[in-house]
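Notes follow once the structure below has been shown.
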Amino acid sequence: MRQFIDQIGTSHTFENIPKRIVSLVPSQTELLYDLGLEDAIVGVTKFCIHPYHLKATKTVVGGTKKIKFDKLKALQPDIIICNKEENTKEIVEELSQICPVWVTDILTIEDNSKMIEDFGLLFNKRTDAQKWIDKTNFALQDFKQFIKDRPIKKAAYFIWANPYMVAGNSTFINELLQLNHFSNIYENKESRYPEVELRKIRLEGDPDYVFLSSEPFPFKDEHAFEIGRVTHHAKTVFVDGEMFSWYGSRLVKALAYFKKLHEKIQD
């Protein structure tokens with residue numbers, strides 16, 4: 001018997017290494033693939049787009065918050081991979097009637113490394129997991145050297161319009177903003193993804209940069225204009241939302257992306 005504790009403190013016991021995996025988190029699906037577990041993945045969500053071919057070769061069991069439970073149960077999984085932010089507590093409780101549900105909780109880069117380490121132990125992929133941890137650490141140290149002399153600038157990171165919503169504190173996005181020497185003007189809001197009033201943006205921090213994420217909302221030029229005109233001097237930049245919000249092995253690509261972003265926006 002093998003016993004493990006996930007990132008929300010739930011204890012799981014397995015007689016054998018889980019061989020049939022359903023992943024309900026796109027970034028974690030990508031990580032499982034990068035750990036060499038493609039053959040073990042039997043179910044994914046419609047948002048699991050990396051690598052792209054998985055949606056054609058695996059069973060799609062709905063979205064991250066709207067699960068087709070009968071379809072998922074028919075796959076006879078040994079383990080279901082969820083995330084505290086992506087999947088609701090109610091979904092996790094219902095899925096737990098099918099098989100063990102492993103829940104991750106990623107707020108920091110350290111949490112990200114722990115998830116990769118956990119997956120290495122869970123699925124007997126310790127060598128592959130360590131490879132990705134090492135690659136991430138190398139890229140992280142390189143990026144910290146790149147960013148160390150750059151001044152800290154104020155930023156607002158928008159994720160939604162109508163109503164306008166931003167990334168606040170206790171989010172992986174906020175962690176990566178800080179890494180990039182961006183001070184999030186909304187990090188003191190109580191909500192993790194608060195609604196904001198554009199007309200108050202100067203009073204609430206007057207950012208140097210306004211970032212419009214490519215997901216989950218498809219921002220257009222008109223949104224950039226609407227937000228930009230209520231700021232004092234902010235530069236509005238469309239950014240790749242996957243690079244700021246996806247965790248797992250994606251962080252290695254994100255750190256390379258951040259270098260290009262800084263070169264693009266530098267004053």
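If you're wondering about the labels, chains in the structure tokens are A, B, ... by order shown, residues count from 1 in each chain, ligands from 1 in order shown.
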
Worksheet item: Can you list every residue in range 3-246 of chain A that DSSP puts in alpha helix (DSSP H), as a PyMOL selection string?
Response: chain A and resi 26-34+54-57+69-74+89-95+109-122+126-147+172-179+221-228+241-245

Practice prompt. List the neighbours of Asn180 in chain A out to 12 Å using only C-alpha atoms; skip same-chain residues closer than 6 positions along the sequence, and give me the result as a count of residues only.
Written response: 26

Worksheet, complete the sentence: Using only C-alpha atoms, the shortest atom-to-atom distance to Ser249 in chain A among A:Glu90, A:Asp118, A:Asp78, A:Glu30 belongs to A:Glu30

Worksheet entry | Contacts of Glu38 in chain A at 10 Å (only C-alpha atoms; same-chain gap of 6+ positions) as number ranges by chain | A: 21, 29-32, 51, 54, 57-58

Same residues, C-alpha atoms, output as a PDB file, in the first residue's frame:
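This is the output file again23.pdb:
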```
ATOM      1  CA  ILE A  21      -5.788   8.941 -15.313  1.00  0.00           C
ATOM      2  CA  THR A  29      -2.733  17.512 -18.587  1.00  0.00           C
ATOM      3  CA  GLU A  30       0.240  19.092 -20.345  1.00  0.00           C
ATOM      4  CA  LEU A  31       2.467  18.213 -17.380  1.00  0.00           C
ATOM      5  CA  LEU A  32       1.292  14.585 -17.337  1.00  0.00           C
ATOM      6  CA  PRO A  51      -0.606  18.865 -26.826  1.00  0.00           C
ATOM      7  CA  LEU A  54      -4.958  14.638 -27.045  1.00  0.00           C
ATOM      8  CA  THR A  57      -7.082  10.501 -28.971  1.00  0.00           C
ATOM      9  CA  LYS A  58      -8.599  10.716 -25.475  1.00  0.00           C
TER      10      LYS A  58
END
```

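Between CA of Ser96 in chain A and CA of Phe119 in chain A there is a distance of 18.7 Å.
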
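Here the question is which of A:Gly43, A:Pro163, A:Pro216, A:Pro18 gets nearest to Leu122 in chain A using only C-alpha atoms, and that residue is A:Pro18.
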
Worksheet entry | Test item: residues at most 7 Å from Trp102 in chain A, only C-alpha atoms, excluding those fewer than 3 positions along its chain, as number ranges by chain | A: 6, 80-82

Item to complete: From the DSSP assignment of the backbone, select every residue of range 48-239 of chain A that is strand (DSSP E or B), and format the answer as a VMD selection string.
Response: chain A and resid 59 to 60 62 67 79 to 83 101 to 104 153 to 160 165 to 166 182 to 184 195 209 to 213 235 to 239

Discussion item. Neighbouring residues of Glu215 in chain A were defined as those with any atom within 10 Å, considering only C-alpha atoms; residues of the same chain fewer than 5 positions away were excluded. Please report them as a VMD selection string.
Written reply: chain A and resid 158 to 160 239 to 242 244 to 245

Using N, CA and C atoms, can you export the residues from the last selection as a compact mmCIF listing (two decimals), in the first residue's frame?
```
# COMPACT_ATOMS: atom_id res chain seq x y z
N PHE A 158 -5.89 42.21 -16.41
CA PHE A 158 -7.32 41.98 -16.65
C PHE A 158 -7.55 40.59 -17.23
N ILE A 159 -8.58 39.91 -16.68
CA ILE A 159 -8.92 38.58 -17.17
C ILE A 159 -10.32 38.52 -17.78
N TRP A 160 -11.13 39.58 -17.59
CA TRP A 160 -12.53 39.50 -18.05
C TRP A 160 -13.06 40.91 -18.30
N VAL A 239 -1.32 40.10 -23.64
CA VAL A 239 -0.36 39.08 -23.22
C VAL A 239 -0.96 37.68 -23.34
N ASP A 240 -0.09 36.70 -23.43
CA ASP A 240 -0.48 35.29 -23.52
C ASP A 240 -0.88 34.81 -22.13
N GLY A 241 -2.18 34.60 -21.94
CA GLY A 241 -2.68 34.20 -20.63
C GLY A 241 -2.16 32.87 -20.14
N GLU A 242 -1.86 31.95 -21.06
CA GLU A 242 -1.33 30.66 -20.65
C GLU A 242 0.01 30.83 -19.93
N PHE A 244 0.99 33.27 -18.08
CA PHE A 244 0.85 33.85 -16.74
C PHE A 244 0.02 32.98 -15.79
N SER A 245 -0.79 32.07 -16.31
CA SER A 245 -1.71 31.35 -15.42
C SER A 245 -1.54 29.83 -15.43
```

Practice prompt. With a distance cut-off of 12 Å and only C-alpha atoms, select the neighbouring residues of Lys73 in chain A, excluding the residue or stretch itself and same-chain residues fewer than 6 positions from it, and output the selection as a ChimeraX atom specification.
Written response: /A:20-22,42-43,59,61,67,79-80,94-99

Worksheet item: Interatomic distance between CA of Lys135 in chain A and CA of Leu176 in chain A?
Response: 17.2 Å

Can you tell me which residues surround Asn188 in chain A at a distance of at most 7 Å, considering only C-alpha atoms, apart from same-chain residues fewer than 2 positions away, and format the answer as a PDB file with N, CA and C atoms, in the first residue's frame?
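Output file around_16.pdb follows:
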```
ATOM      1  N   ASN A 169      -4.792  39.079  -5.292  1.00  0.00           N
ATOM      2  CA  ASN A 169      -3.789  38.388  -4.492  1.00  0.00           C
ATOM      3  C   ASN A 169      -4.096  36.888  -4.431  1.00  0.00           C
ATOM      4  N   TYR A 186      -3.955  45.685  -7.704  1.00  0.00           N
ATOM      5  CA  TYR A 186      -5.161  45.109  -7.109  1.00  0.00           C
ATOM      6  C   TYR A 186      -4.861  43.967  -6.141  1.00  0.00           C
ATOM      7  N   GLU A 190      -9.893  41.889  -1.528  1.00  0.00           N
ATOM      8  CA  GLU A 190     -10.233  40.681  -0.776  1.00  0.00           C
ATOM      9  C   GLU A 190     -10.425  39.483  -1.687  1.00  0.00           C
TER      10      GLU A 190
END
```
